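Colleague: Pasting start.pdb here (PDB, C-alpha atoms and all ligand atoms):
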```pdb
MODEL        1
ATOM      1  CA  LYS M   1     100.783  96.650  94.174
ATOM      2  CA  CYS M   2      98.802  98.255  91.357
ATOM      3  CA  LEU M   3      98.580 101.996  90.713
ATOM      4  CA  HIS M   4      95.573 103.706  92.177
ATOM      5  CA  VAL M   5      93.459 105.445  89.529
ATOM      6  CA  ASN M   6      90.164 106.485  91.174
ATOM      7  CA  ALA M   7      92.205 108.078  93.957
ATOM      8  CA  ARG M   8      93.636 110.450  91.309
ATOM      9  CA  SER M   9      90.365 111.318  89.531
ATOM     10  CA  LYS M  10      90.447 114.938  88.293
ATOM     11  CA  PHE M  11      87.493 116.187  90.337
ATOM     12  CA  TYR M  12      87.187 115.309  93.987
ATOM     13  CA  PRO M  13      83.752 113.683  94.612
ATOM     14  CA  GLY M  14      80.927 115.912  95.823
ATOM     15  CA  SER M  15      82.852 119.092  95.050
ATOM     16  CA  ASP M  16      84.334 121.114  92.207
ATOM     17  CA  ILE M  17      87.798 120.807  93.728
ATOM     18  CA  GLN M  18      90.413 119.610  91.213
ATOM     19  CA  ARG M  19      93.245 117.402  92.362
ATOM     20  CA  PHE M  20      96.851 118.338  91.584
ATOM     21  CA  PRO M  21      97.533 116.067  88.565
ATOM     22  CA  VAL M  22      99.743 113.081  89.454
ATOM     23  CA  PRO M  23     101.183 111.128  86.488
ATOM     24  CA  ASP M  24     101.647 107.345  86.858
ATOM     25  CA  GLU M  25     105.414 107.594  87.237
ATOM     26  CA  LYS M  26     105.109 110.028  90.169
ATOM     27  CA  VAL M  27     102.532 108.151  92.231
ATOM     28  CA  ASP M  28     105.219 106.454  94.331
ATOM     29  CA  TRP M  29     106.339 108.597  97.284
ATOM     30  CA  THR M  30     109.950 107.462  96.798
ATOM     31  CA  VAL M  31     110.126 109.294  93.449
ATOM     32  CA  PRO M  32     111.349 112.801  94.369
ATOM     33  CA  TRP M  33     109.026 115.600  93.245
ATOM     34  CA  ALA M  34     109.933 119.041  94.578
ATOM     35  CA  ASP M  35     107.064 120.747  92.737
ATOM     36  CA  TYR M  36     104.341 118.491  94.111
ATOM     37  CA  LYS M  37     101.673 120.786  95.589
ATOM     38  CA  PRO M  38      98.592 118.790  96.555
ATOM     39  CA  VAL M  39      95.388 120.773  97.016
ATOM     40  CA  ASN M  40      94.292 120.810 100.653
ATOM     41  CA  TYR M  41      90.636 119.949 101.138
ATOM     42  CA  THR M  42      88.392 118.814 103.944
ATOM     43  CA  ALA M  43      84.680 118.665 103.099
ATOM     44  CA  PRO M  44      82.385 121.216 104.798
ATOM     45  CA  SER M  45      80.344 118.308 106.220
ATOM     46  CA  LEU M  46      83.405 117.252 108.276
ATOM     47  CA  LEU M  47      84.045 120.753 109.543
ATOM     48  CA  LYS M  48      80.721 120.444 111.362
ATOM     49  CA  GLN M  49      82.429 117.777 113.506
ATOM     50  CA  PRO M  50      80.063 114.805 113.109
ATOM     51  CA  LEU M  51      80.393 112.118 115.782
ATOM     52  CA  TRP M  52      81.583 109.419 113.347
ATOM     53  CA  ALA M  53      84.614 111.477 112.292
ATOM     54  CA  ASP M  54      87.853 112.678 113.863
ATOM     55  CA  PRO M  55      87.670 116.228 115.198
ATOM     56  CA  GLN M  56      89.052 119.008 113.020
ATOM     57  CA  TYR M  57      92.446 119.737 114.599
ATOM     58  CA  ARG M  58      93.905 123.205 114.379
ATOM     59  CA  ASP M  59      97.363 122.073 113.324
ATOM     60  CA  GLU M  60      99.769 119.153 113.114
ATOM     61  CA  SER M  61     100.948 119.480 116.701
ATOM     62  CA  GLU M  62      97.404 119.123 117.986
ATOM     63  CA  LEU M  63      96.860 116.167 115.669
ATOM     64  CA  LYS M  64     100.078 114.539 116.941
ATOM     65  CA  LYS M  65      99.000 114.977 120.535
ATOM     66  CA  CYS M  66      95.500 113.586 120.052
ATOM     67  CA  LEU M  67      95.745 110.664 117.639
ATOM     68  CA  GLU M  68      97.745 107.447 117.751
ATOM     69  CA  PHE M  69      98.594 105.964 114.381
ATOM     70  CA  ASN M  70      99.414 102.363 113.472
ATOM     71  CA  LYS M  71      97.546 101.091 116.520
ATOM     72  CA  MET M  72      94.135 100.756 118.120
ATOM     73  CA  ASP M  73      93.361 104.278 119.267
ATOM     74  CA  GLY M  74      90.598 103.941 121.822
ATOM     75  CA  GLY M  75      87.872 102.151 119.851
ATOM     76  CA  VAL M  76      89.184 103.399 116.522
ATOM     77  CA  ASP M  77      91.280 100.984 114.502
ATOM     78  CA  ARG M  78      94.138 103.005 113.030
ATOM     79  CA  THR M  79      96.126  99.972 111.938
ATOM     80  CA  SER M  80      96.353  99.178 108.234
ATOM     81  CA  HIS M  81      95.844  95.820 106.525
ATOM     82  CA  MET M  82      98.797  96.852 104.357
ATOM     83  CA  GLY M  83     101.311  96.957 107.233
ATOM     84  CA  LYS M  84     102.853  99.954 108.944
ATOM     85  CA  TYR M  85     102.275 103.257 107.138
ATOM     86  CA  SER M  86     104.464 106.362 107.409
ATOM     87  CA  VAL M  87     103.489 109.366 109.472
ATOM     88  CA  ILE M  88     105.163 112.513 108.139
ATOM     89  CA  ASN M  89     105.105 115.680 110.287
ATOM     90  CA  GLY M  90     102.188 114.198 112.192
ATOM     91  CA  PHE M  91     100.165 113.285 109.085
ATOM     92  CA  PRO M  92      99.615 109.674 107.990
ATOM     93  CA  ARG M  93     100.674 108.982 104.404
ATOM     94  CA  ASN M  94      98.649 107.010 101.856
ATOM     95  CA  PRO M  95     100.519 103.687 101.407
ATOM     96  CA  PHE M  96      99.579 103.555  97.703
ATOM     97  CA  GLY M  97     101.165 106.890  96.886
ATOM     98  CA  ARG M  98     100.259 110.432  95.874
ATOM     99  CA  THR M  99      96.658 111.442  95.119
ATOM    100  CA  GLY M 100      97.010 115.177  94.392
ATOM    101  CA  LEU M 101      94.955 116.115  97.460
ATOM    102  CA  SER M 102      95.871 116.511 101.119
ATOM    103  CA  GLY M 103      93.586 116.704 104.140
ATOM    104  CA  ARG M 104      90.695 114.308 104.693
ATOM    105  CA  GLY M 105      88.415 115.211 101.807
ATOM    106  CA  LEU M 106      85.154 113.394 102.580
ATOM    107  CA  LEU M 107      86.696 110.744 104.818
ATOM    108  CA  GLY M 108      86.153 110.935 108.554
ATOM    109  CA  ARG M 109      89.415 109.446 109.748
ATOM    110  CA  TRP M 110      93.006 110.472 109.303
ATOM    111  CA  GLY M 111      94.831 107.395 107.968
ATOM    112  CA  PRO M 112      92.879 104.204 107.246
ATOM    113  CA  ASN M 113      89.063 104.323 107.164
ATOM    114  CA  HIS M 114      87.852 100.768 107.699
ATOM    115  CA  ALA M 115      84.882  99.331 105.818
ATOM    116  CA  THR M 116      83.450  95.892 105.055
ATOM    117  CA  ASP M 117      81.900  94.619 101.838
ATOM    118  CA  PRO M 118      79.318  91.807 102.025
ATOM    119  CA  ILE M 119      79.250  89.989  98.675
ATOM    120  CA  VAL M 120      76.031  87.955  98.649
ATOM    121  CA  THR M 121      75.897  85.498  95.743
ATOM    122  CA  ARG M 122      73.664  82.837  94.161
ATOM    123  CA  TRP M 123      73.716  80.906  90.874
ATOM    124  CA  LYS M 124      71.784  82.435  87.987
ATOM    125  CA  LYS M 125      68.847  80.210  87.053
ATOM    126  CA  GLU M 126      66.369  79.952  84.212
ATOM    127  CA  ALA M 127      63.248  77.825  84.585
ATOM    128  CA  GLY M 128      64.731  76.410  87.775
ATOM    129  CA  LYS M 129      68.004  75.320  86.134
ATOM    130  CA  VAL M 130      71.434  76.816  86.726
ATOM    131  CA  MET M 131      72.498  78.728  83.625
ATOM    132  CA  ILE M 132      75.726  77.920  81.832
ATOM    133  CA  HIS M 133      77.522  80.628  79.900
ATOM    134  CA  SER M 134      77.794  79.738  76.206
ATOM    135  CA  ALA M 135      81.354  81.036  75.820
ATOM    136  CA  SER M 136      83.047  79.831  79.020
ATOM    137  CA  GLY M 137      80.880  76.781  79.688
ATOM    138  CA  LYS M 138      80.792  77.821  83.345
ATOM    139  CA  ASN M 139      77.888  78.580  85.662
ATOM    140  CA  ILE M 140      76.985  82.229  86.077
ATOM    141  CA  LEU M 141      77.093  83.832  89.522
ATOM    142  CA  GLN M 142      74.942  86.774  90.571
ATOM    143  CA  PHE M 143      75.545  89.154  93.448
ATOM    144  CA  VAL M 144      73.388  91.682  95.277
ATOM    145  CA  ALA M 145      74.378  95.101  93.924
ATOM    146  CA  ILE M 146      73.221  98.521  95.046
ATOM    147  CA  CYS M 147      73.320 101.825  93.201
ATOM    148  CA  ARG M 148      75.117 104.382  95.356
ATOM    149  CA  LYS M 149      73.299 107.649  95.881
ATOM    150  CA  ASP M 150      76.563 109.625  95.961
ATOM    151  CA  SER M 151      78.215 108.564  92.687
ATOM    152  CA  LYS M 152      75.244 106.837  90.959
ATOM    153  CA  GLU M 153      77.510 103.844  90.359
ATOM    154  CA  TRP M 154      76.619 100.222  91.071
ATOM    155  CA  ALA M 155      78.508  98.755  93.992
ATOM    156  CA  ILE M 156      78.689  96.138  96.719
ATOM    157  CA  PRO M 157      76.476  97.283  99.658
ATOM    158  CA  GLY M 158      79.476  97.977 101.892
ATOM    159  CA  GLY M 159      79.962 100.435 104.691
ATOM    160  CA  MET M 160      82.117 101.753 107.456
ATOM    161  CA  VAL M 161      82.904  99.843 110.612
ATOM    162  CA  ASP M 162      81.488 101.755 113.588
ATOM    163  CA  VAL M 163      83.677 102.407 116.641
ATOM    164  CA  GLY M 164      84.097  99.161 118.568
ATOM    165  CA  GLU M 165      81.873  97.225 116.143
ATOM    166  CA  LYS M 166      82.758  93.649 115.174
ATOM    167  CA  LEU M 167      83.318  93.045 111.453
ATOM    168  CA  SER M 168      80.676  90.316 111.401
ATOM    169  CA  ALA M 169      78.150  92.826 112.749
ATOM    170  CA  THR M 170      79.092  95.523 110.217
ATOM    171  CA  LEU M 171      78.659  93.075 107.324
ATOM    172  CA  LYS M 172      75.115  92.235 108.406
ATOM    173  CA  ARG M 173      74.165  95.766 109.370
ATOM    174  CA  GLU M 174      75.305  97.321 106.082
ATOM    175  CA  PHE M 175      73.663  94.622 103.972
ATOM    176  CA  GLY M 176      70.478  95.088 105.988
ATOM    177  CA  GLU M 177      70.488  98.889 105.703
ATOM    178  CA  GLU M 178      71.388  99.213 102.021
ATOM    179  CA  ALA M 179      69.902  96.100 100.375
ATOM    180  CA  LEU M 180      66.946  95.323 102.671
ATOM    181  CA  ASN M 181      66.028  98.802 103.911
ATOM    182  CA  SER M 182      66.158  97.530 107.504
ATOM    183  CA  ILE M 183      66.022 101.041 108.957
ATOM    184  CA  GLN M 184      62.502 101.555 107.647
ATOM    185  CA  LEU M 185      61.081  98.101 108.404
ATOM    186  CA  SER M 186      58.615  97.540 111.210
ATOM    187  CA  GLU M 187      60.026  96.001 114.370
ATOM    188  CA  ALA M 188      58.413  92.636 113.541
ATOM    189  CA  ASP M 189      59.680  92.555 109.941
ATOM    190  CA  ARG M 190      63.142  93.555 111.090
ATOM    191  CA  GLU M 191      63.247  90.612 113.509
ATOM    192  CA  LYS M 192      62.189  88.219 110.706
ATOM    193  CA  MET M 193      64.845  89.683 108.437
ATOM    194  CA  LYS M 194      67.518  89.287 111.112
ATOM    195  CA  ALA M 195      66.673  85.619 111.631
ATOM    196  CA  LEU M 196      66.964  84.872 107.886
ATOM    197  CA  MET M 197      70.171  86.860 107.651
ATOM    198  CA  ASN M 198      71.753  85.009 110.535
ATOM    199  CA  ILE M 199      71.473  81.791 108.517
ATOM    200  CA  LEU M 200      72.979  83.225 105.356
ATOM    201  CA  PHE M 201      75.695  85.165 107.168
ATOM    202  CA  GLN M 202      76.828  82.164 109.224
ATOM    203  CA  ALA M 203      79.517  81.028 106.821
ATOM    204  CA  GLY M 204      81.443  83.694 104.983
ATOM    205  CA  GLU M 205      84.602  83.299 102.938
ATOM    206  CA  LEU M 206      87.252  85.982 102.919
ATOM    207  CA  VAL M 207      87.682  87.477  99.444
ATOM    208  CA  TYR M 208      89.917  90.490  99.969
ATOM    209  CA  LYS M 209      91.447  92.475 102.770
ATOM    210  CA  GLY M 210      93.276  95.750 102.162
ATOM    211  CA  TYR M 211      93.398  99.099 100.386
ATOM    212  CA  VAL M 212      90.482 100.188  98.198
ATOM    213  CA  ASP M 213      91.101 102.445  95.200
ATOM    214  CA  ASP M 214      88.253 104.738  96.278
ATOM    215  CA  PRO M 215      87.649 108.155  94.648
ATOM    216  CA  ARG M 216      87.470 109.737  98.141
ATOM    217  CA  ASN M 217      91.051 108.788  99.052
ATOM    218  CA  THR M 218      93.573 111.502  99.781
ATOM    219  CA  ASP M 219      97.275 111.665 100.633
ATOM    220  CA  ASN M 220      96.376 111.407 104.326
ATOM    221  CA  SER M 221      93.105 109.417 104.435
ATOM    222  CA  TRP M 222      92.133 106.289 102.562
ATOM    223  CA  MET M 223      89.636 103.416 102.444
ATOM    224  CA  GLU M 224      90.454  99.856 103.439
ATOM    225  CA  THR M 225      88.021  96.955 103.424
ATOM    226  CA  VAL M 226      87.422  93.352 104.317
ATOM    227  CA  ALA M 227      85.292  91.800 101.566
ATOM    228  CA  VAL M 228      83.497  88.578 102.497
ATOM    229  CA  ASN M 229      81.447  86.264 100.268
ATOM    230  CA  PHE M 230      78.186  84.801 101.577
ATOM    231  CA  HIS M 231      77.056  82.254  99.029
ATOM    232  CA  ASP M 232      73.550  80.851  98.834
ATOM    233  CA  GLU M 233      74.248  77.598  96.997
ATOM    234  CA  LYS M 234      70.638  76.458  96.632
ATOM    235  CA  GLY M 235      69.280  79.980  96.238
ATOM    236  CA  ASP M 236      66.712  79.475  98.959
ATOM    237  CA  SER M 237      67.969  81.549 101.885
ATOM    238  CA  VAL M 238      68.447  84.972 100.216
ATOM    239  CA  GLY M 239      65.420  84.215  98.063
ATOM    240  CA  LYS M 240      63.288  84.692 101.161
ATOM    241  CA  LEU M 241      64.727  88.156 101.763
ATOM    242  CA  ASN M 242      62.923  91.014 100.146
ATOM    243  CA  LEU M 243      65.473  93.210  98.347
ATOM    244  CA  GLN M 244      64.666  96.867  98.883
ATOM    245  CA  ALA M 245      67.121  99.770  98.648
ATOM    246  CA  GLY M 246      67.675 101.863 101.745
ATOM    247  CA  ASP M 247      70.000 104.379 103.415
ATOM    248  CA  ASP M 248      72.798 105.407 100.980
ATOM    249  CA  ALA M 249      71.491 103.041  98.268
ATOM    250  CA  GLY M 250      69.086 104.331  95.607
ATOM    251  CA  ALA M 251      68.380 100.934  93.998
ATOM    252  CA  VAL M 252      69.178  97.273  94.518
ATOM    253  CA  LYS M 253      69.246  94.246  92.189
ATOM    254  CA  TRP M 254      70.823  90.897  91.410
ATOM    255  CA  MET M 255      73.649  91.485  88.938
ATOM    256  CA  ASP M 256      75.472  88.901  86.818
ATOM    257  CA  ILE M 257      79.152  88.610  87.640
ATOM    258  CA  GLU M 258      81.263  88.926  84.487
ATOM    259  CA  GLU M 259      84.307  90.634  83.062
ATOM    260  CA  GLY M 260      83.576  94.206  82.035
ATOM    261  CA  LEU M 261      81.433  94.996  85.068
ATOM    262  CA  LYS M 262      81.708  98.718  85.697
ATOM    263  CA  LEU M 263      81.451  99.191  89.428
ATOM    264  CA  TYR M 264      82.366 101.679  92.138
ATOM    265  CA  ALA M 265      85.987 101.903  93.363
ATOM    266  CA  SER M 266      87.821  98.557  92.988
ATOM    267  CA  HIS M 267      84.711  96.419  93.519
ATOM    268  CA  SER M 268      84.888  94.572  90.175
ATOM    269  CA  HIS M 269      88.291  93.308  91.263
ATOM    270  CA  PHE M 270      86.716  91.676  94.359
ATOM    271  CA  LEU M 271      84.027  90.029  92.195
ATOM    272  CA  GLN M 272      86.624  88.615  89.840
ATOM    273  CA  GLN M 273      88.131  87.029  92.921
ATOM    274  CA  VAL M 274      84.760  85.540  93.923
ATOM    275  CA  ALA M 275      84.216  84.106  90.404
ATOM    276  CA  LYS M 276      87.624  82.460  90.643
ATOM    277  CA  MET M 277      86.970  81.044  94.127
ATOM    278  CA  ARG M 278      83.682  79.476  92.966
ATOM    279  CA  SER M 279      84.939  78.397  89.493
ATOM    280  CA  ALA M 280      82.212  80.536  87.962
ATOM    281  CA  HIS M 281      81.979  82.364  84.662
ATOM    282  CA  TRP M 282      83.908  85.643  84.466
TER     283      TRP M 282
HETATM  284  C1  LIG P 301      84.402 101.486  99.488
HETATM  285  O1  LIG P 301      83.490 102.353 100.146
HETATM  286  C2  LIG P 301      84.324 100.198 100.276
HETATM  287  O2  LIG P 301      84.724  99.112  99.458
HETATM  288  C3  LIG P 301      82.871 100.145 100.714
HETATM  289  O3  LIG P 301      82.071  99.517  99.744
HETATM  290  C4  LIG P 301      82.462 101.614 100.781
HETATM  291  C5  LIG P 301      82.242 102.112 102.186
HETATM  292  O4  LIG P 301      81.869 103.454 102.197
HETATM  293  P1  LIG P 301      80.371 103.952 102.293
HETATM  294  O5  LIG P 301      79.520 103.000 101.467
HETATM  295  O6  LIG P 301      79.993 103.881 103.742
HETATM  296  O7  LIG P 301      80.356 105.326 101.741
HETATM  297  O8  LIG P 301      85.677 102.017  99.476
HETATM  298 MG    MG P 302      75.889 102.221 104.676
HETATM  299 MG    MG P 303      77.727 102.089 101.900
ENDMDL
END
```
Could the structure of this file be written out as structure tokens, please?
Ligand code: RP5
Ligand code: MG
Ligand code: MG
Modeller:
Amino acid sequence: KCLHVNARSKFYPGSDIQRFPVPDEKVDWTVPWADYKPVNYTAPSLLKQPLWADPQYRDESELKKCLEFNKMDGGVDRTSHMGKYSVINGFPRNPFGRTGLSGRGLLGRWGPNHATDPIVTRWKKEAGKVMIHSASGKNILQFVAICRKDSKEWAIPGGMVDVGEKLSATLKREFGEEALNSIQLSEADREKMKALMNILFQAGELVYKGYVDDPRNTDNSWMETVAVNFHDEKGDSVGKLNLQAGDDAGAVKWMDIEEGLKLYASHSHFLQQVAKMRSAHW
């Protein structure tokens, strides 16, 4: 288990709230820390009770009565890929340790917030030939990256699993919304897009499943993902798709996969994994 870093960033995203500083040696909950006073914060957008989020409960007893942790709770998956997490005084506890902030912050769910990350790849080519990196002697992979509107960082076009939605559907939907602007396509173009996507998204390979070191994480709410690689070996199936940023993406492009990629949350870690799986340059 590595130490989360983004989950302890000084300023909480989208706010001027500062987290209670947590040094590396005090991240682990088992290290006693009597003076630990996390700042309590739940974003104003959540207080408006959007449908995709848990309701704002008055207190811990109401929370205890209404939510079921470590299991499927109605359509909401409150199990963790990391195993059973602790629930202290009714509040779920971040399995990766202290973050300096309690409450939900920007996250809709108490406990795990489940997302998926579709990693769409192809080989980088020049004049029709696959390019070999001069230093490593290995072929270079590219993936479809989007620039997030919230943090302005480049990222995998991932997103949250809707209530009752199958993972395979979330992967396609999020890729469609963020990298192909499916929401704004005409009905006919959307149908064409779906048919092409069904081919590419037929065979995915699991890359990572678990906790994400996301800057929105709190002591009580955190991101988890299932990252899946959809590889276009010949470069002809995604090639037919017209990349166009949409929804929470401000831009979209093919990005070379290599060490030193600066991406949102722990996304570069997932890409390193993909490079390894495909014996590509890193
Ligand atoms: C990250 O947040 C996940 O890896 C995924 O890419 C993303 C999901 O959140 P939204 O894009 O819906 O904000 O932790
Ligand atoms: Mg999205
Ligand atoms: Mg997203």
Colleague: Within 12 Å of Lys234 of chain M, counting only C-alpha atoms, which residues show up once you throw out same-chain ones fewer than 6 positions away? Write them as a VMD selection string, please.
Modeller: chain M and resid 121 to 125 128 to 130 200 240
Colleague: Next, the residues of the selection above should be written as an mmCIF file, in the coordinates of the input with C-alpha atoms.
Modeller:
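Generated file (out_2.cif):
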```
data_model
loop_
_atom_site.group_PDB
_atom_site.id
_atom_site.type_symbol
_atom_site.label_atom_id
_atom_site.label_comp_id
_atom_site.auth_asym_id
_atom_site.auth_seq_id
_atom_site.Cartn_x
_atom_site.Cartn_y
_atom_site.Cartn_z
ATOM 1 C CA THR M 121 75.897 85.498 95.743
ATOM 2 C CA ARG M 122 73.664 82.837 94.161
ATOM 3 C CA TRP M 123 73.716 80.906 90.874
ATOM 4 C CA LYS M 124 71.784 82.435 87.987
ATOM 5 C CA LYS M 125 68.847 80.210 87.053
ATOM 6 C CA GLY M 128 64.731 76.410 87.775
ATOM 7 C CA LYS M 129 68.004 75.320 86.134
ATOM 8 C CA VAL M 130 71.434 76.816 86.726
ATOM 9 C CA LEU M 200 72.979 83.225 105.356
ATOM 10 C CA LYS M 240 63.288 84.692 101.161
#
```
Colleague: May I ask you to write as number ranges by chain all residues lying at most 7 Å from ligand MG 302 (chain P), with all atoms listed in the file counted?
Modeller: M: 158-160, 174, 177-178, 247-248
Colleague: So how far away is atom CA of Ile199 of chain M from atom CA of Ser237 of chain M, in Å?
Modeller: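 Straight-line distance from atom CA of Ser237 of chain M to atom CA of Ile199 of chain M works out to 7.5 Å.
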Colleague: So what does the PyMOL selection byres (((chain M and resi 166) around 12) and not hetatm) actually pick up in this one, as a PyMOL selection string?
Modeller: chain M and resi 75-77+114-116+160-165+167-173+226
Colleague: Under the rule that all atoms listed in the file are counted, which of M:Ser61, M:Thr225, M:Ser134, M:Asn113 is the nearest residue to ligand LIG 301 (chain P)?
Modeller: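 Among the listed residues, M:Thr225 lies closest to ligand LIG 301 (chain P).
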Colleague: With all atoms listed in the file as the atoms that count, which of M:Tyr264, M:Tyr211, M:Phe143, M:Phe96 lies nearest to ligand MG 303 (chain P)?
Modeller: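 Ranking M:Tyr264, M:Tyr211, M:Phe143, M:Phe96 by distance to ligand MG 303 (chain P), first place goes to M:Tyr264.
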Colleague: Step by step, gather every atom of ligand LIG 301 (chain P) that the file lists, find the box along x, y and z that holds them, add 5 Å on each side, and finally give centre and edge lengths in Å to one decimal, as AutoDock Vina command-line options.
Modeller:
```
--center_x 82.6 --center_y 102.2 --center_z 101.6 --size_x 16.2 --size_y 16.2 --size_z 14.3
```
Colleague: List the residues selected by the PyMOL selection byres (((chain M and resi 12) around 12) and not hetatm) in the file shown, writing them as a short mmCIF file (atom, residue, chain, number, x, y, z; two decimals) with C-alpha atoms, in the coordinates of the input.
Modeller:
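File produced: out18.cif:
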```cif
data_model
loop_
_atom_site.label_atom_id
_atom_site.label_comp_id
_atom_site.auth_asym_id
_atom_site.auth_seq_id
_atom_site.Cartn_x
_atom_site.Cartn_y
_atom_site.Cartn_z
CA ASN M 6 90.16 106.48 91.17
CA ALA M 7 92.20 108.08 93.96
CA ARG M 8 93.64 110.45 91.31
CA SER M 9 90.36 111.32 89.53
CA LYS M 10 90.45 114.94 88.29
CA PHE M 11 87.49 116.19 90.34
CA PRO M 13 83.75 113.68 94.61
CA GLY M 14 80.93 115.91 95.82
CA SER M 15 82.85 119.09 95.05
CA ASP M 16 84.33 121.11 92.21
CA ILE M 17 87.80 120.81 93.73
CA GLN M 18 90.41 119.61 91.21
CA ARG M 19 93.24 117.40 92.36
CA PHE M 20 96.85 118.34 91.58
CA PRO M 21 97.53 116.07 88.56
CA VAL M 39 95.39 120.77 97.02
CA ASN M 40 94.29 120.81 100.65
CA TYR M 41 90.64 119.95 101.14
CA THR M 42 88.39 118.81 103.94
CA ALA M 43 84.68 118.66 103.10
CA THR M 99 96.66 111.44 95.12
CA GLY M 100 97.01 115.18 94.39
CA LEU M 101 94.96 116.12 97.46
CA SER M 102 95.87 116.51 101.12
CA ARG M 104 90.70 114.31 104.69
CA GLY M 105 88.42 115.21 101.81
CA LEU M 106 85.15 113.39 102.58
CA LEU M 107 86.70 110.74 104.82
CA SER M 151 78.22 108.56 92.69
CA ASP M 214 88.25 104.74 96.28
CA PRO M 215 87.65 108.16 94.65
CA ARG M 216 87.47 109.74 98.14
CA ASN M 217 91.05 108.79 99.05
CA THR M 218 93.57 111.50 99.78
#
```
Colleague: Just the residues within 12 Å of Lys71 of chain M, please, counting all atoms listed in the file, with nothing from its chain fewer than 2 positions along; format it as a ChimeraX atom specification.
Modeller: /M:67-69,73-81,83-85,111-112
Colleague: Which is closest to Pro32 of chain M among M:Tyr57, M:Lys262, M:Arg98, M:Ala203, if we use only C-alpha atoms?
Modeller: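 Smallest distance to Pro32 of chain M is found for M:Arg98.
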Colleague: I need the residue nearest ligand MG 303 (chain P) from this list: M:Gly250, M:Gly137, M:Pro55, M:Gly260. Use only C-alpha atoms and all ligand atoms for the distance.
Modeller: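 Between M:Gly250, M:Gly137, M:Pro55, M:Gly260, the residue approaching ligand MG 303 (chain P) most closely is M:Gly250.
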Colleague: Under the rule that all atoms listed in the file are counted, which of M:Lys152, M:Arg278, M:Lys194, M:Lys37 is the nearest residue to Asn139 of chain M?
Modeller: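 Going through M:Lys152, M:Arg278, M:Lys194, M:Lys37 one by one, the smallest distance to Asn139 of chain M is for M:Arg278.
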Colleague: Using the chain letters and numbering of this document, enumerate as a PDB file with C-alpha atoms, in the frame of the given file the residues selected by the PyMOL selection byres (((chain M and resi 119) around 6) and not hetatm).
Modeller:
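Generated output (part_22.pdb):
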```pdb
ATOM      1  CA  PRO M 118      79.318  91.807 102.025  1.00  0.00           C
ATOM      2  CA  VAL M 120      76.031  87.955  98.649  1.00  0.00           C
ATOM      3  CA  VAL M 228      83.497  88.578 102.497  1.00  0.00           C
ATOM      4  CA  ASN M 229      81.447  86.264 100.268  1.00  0.00           C
TER       5      ASN M 229
END
```
Colleague: What lies within 10 Å of segment 86-88 of chain M using all atoms listed in the file, ignoring chain neighbours under 2 positions off, as a PyMOL selection string?
Modeller: chain M and resi 60+64+69-70+83-84+90-95+111+220
Colleague: Might you pull out every residue within 10 Å of Met193 of chain M, with all atoms listed in the file counted and same-chain residues fewer than 4 positions away left off, and present them as a PyMOL selection string?
Modeller: chain M and resi 176+180+182+185+187-189+197-198+240-242
Colleague: Rank nothing, just name the residue among M:Phe201, M:Glu153, M:Leu46, M:Ala195 nearest to ligand MG 303 (chain P), using only C-alpha atoms and all ligand atoms.
Modeller: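 Closest to ligand MG 303 (chain P), using only C-alpha atoms and all ligand atoms: M:Glu153.
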Colleague: At what distance in Å, to one decimal, does atom CA of Trp110 of chain M lie from atom CA of Cys66 of chain M?
Modeller: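 If I compute the distance from atom CA of Cys66 of chain M to atom CA of Trp110 of chain M, I get 11.5 Å.
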Colleague: Report, in Å with one decimal, the straight-line distance from atom CA of Leu63 of chain M to atom CA of Met223 of chain M.
Modeller: 19.7 Å
Colleague: Show me, as a count of residues only, the residues that have an atom within 8 Å of Ile140 of chain M when counting only C-alpha atoms, minus same-chain residues fewer than 4 positions from it.
Modeller: 11
Colleague: Missing atoms in segment 178-184 of chain M: fill them in up to N, CA, C and O atoms and send the result as a PDB file, in the frame of the given file.
Modeller:
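Output saved as selection-v3.pdb:
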```
ATOM      1  N   GLU M 178      71.337  98.776 103.414  1.00  0.00           N
ATOM      2  CA  GLU M 178      71.388  99.213 102.021  1.00  0.00           C
ATOM      3  C   GLU M 178      70.595  98.319 101.066  1.00  0.00           C
ATOM      4  O   GLU M 178      70.026  98.799 100.094  1.00  0.00           O
ATOM      5  N   ALA M 179      70.554  97.011 101.326  1.00  0.00           N
ATOM      6  CA  ALA M 179      69.902  96.100 100.375  1.00  0.00           C
ATOM      7  C   ALA M 179      68.533  95.613 100.855  1.00  0.00           C
ATOM      8  O   ALA M 179      67.763  95.074 100.074  1.00  0.00           O
ATOM      9  N   LEU M 180      68.237  95.796 102.146  1.00  0.00           N
ATOM     10  CA  LEU M 180      66.946  95.323 102.671  1.00  0.00           C
ATOM     11  C   LEU M 180      66.145  96.436 103.334  1.00  0.00           C
ATOM     12  O   LEU M 180      65.067  96.200 103.869  1.00  0.00           O
ATOM     13  N   ASN M 181      66.700  97.637 103.320  1.00  0.00           N
ATOM     14  CA  ASN M 181      66.028  98.802 103.911  1.00  0.00           C
ATOM     15  C   ASN M 181      65.600  98.545 105.363  1.00  0.00           C
ATOM     16  O   ASN M 181      64.499  98.920 105.771  1.00  0.00           O
ATOM     17  N   SER M 182      66.488  97.926 106.124  1.00  0.00           N
ATOM     18  CA  SER M 182      66.158  97.530 107.504  1.00  0.00           C
ATOM     19  C   SER M 182      65.726  98.704 108.382  1.00  0.00           C
ATOM     20  O   SER M 182      64.881  98.553 109.257  1.00  0.00           O
ATOM     21  N   ILE M 183      66.303  99.878 108.105  1.00  0.00           N
ATOM     22  CA  ILE M 183      66.022 101.041 108.957  1.00  0.00           C
ATOM     23  C   ILE M 183      64.537 101.386 108.934  1.00  0.00           C
ATOM     24  O   ILE M 183      63.978 101.820 109.942  1.00  0.00           O
ATOM     25  N   GLN M 184      63.909 101.164 107.756  1.00  0.00           N
ATOM     26  CA  GLN M 184      62.502 101.555 107.647  1.00  0.00           C
ATOM     27  C   GLN M 184      61.510 100.406 107.813  1.00  0.00           C
ATOM     28  O   GLN M 184      60.319 100.582 107.587  1.00  0.00           O
TER      29      GLN M 184
END
```
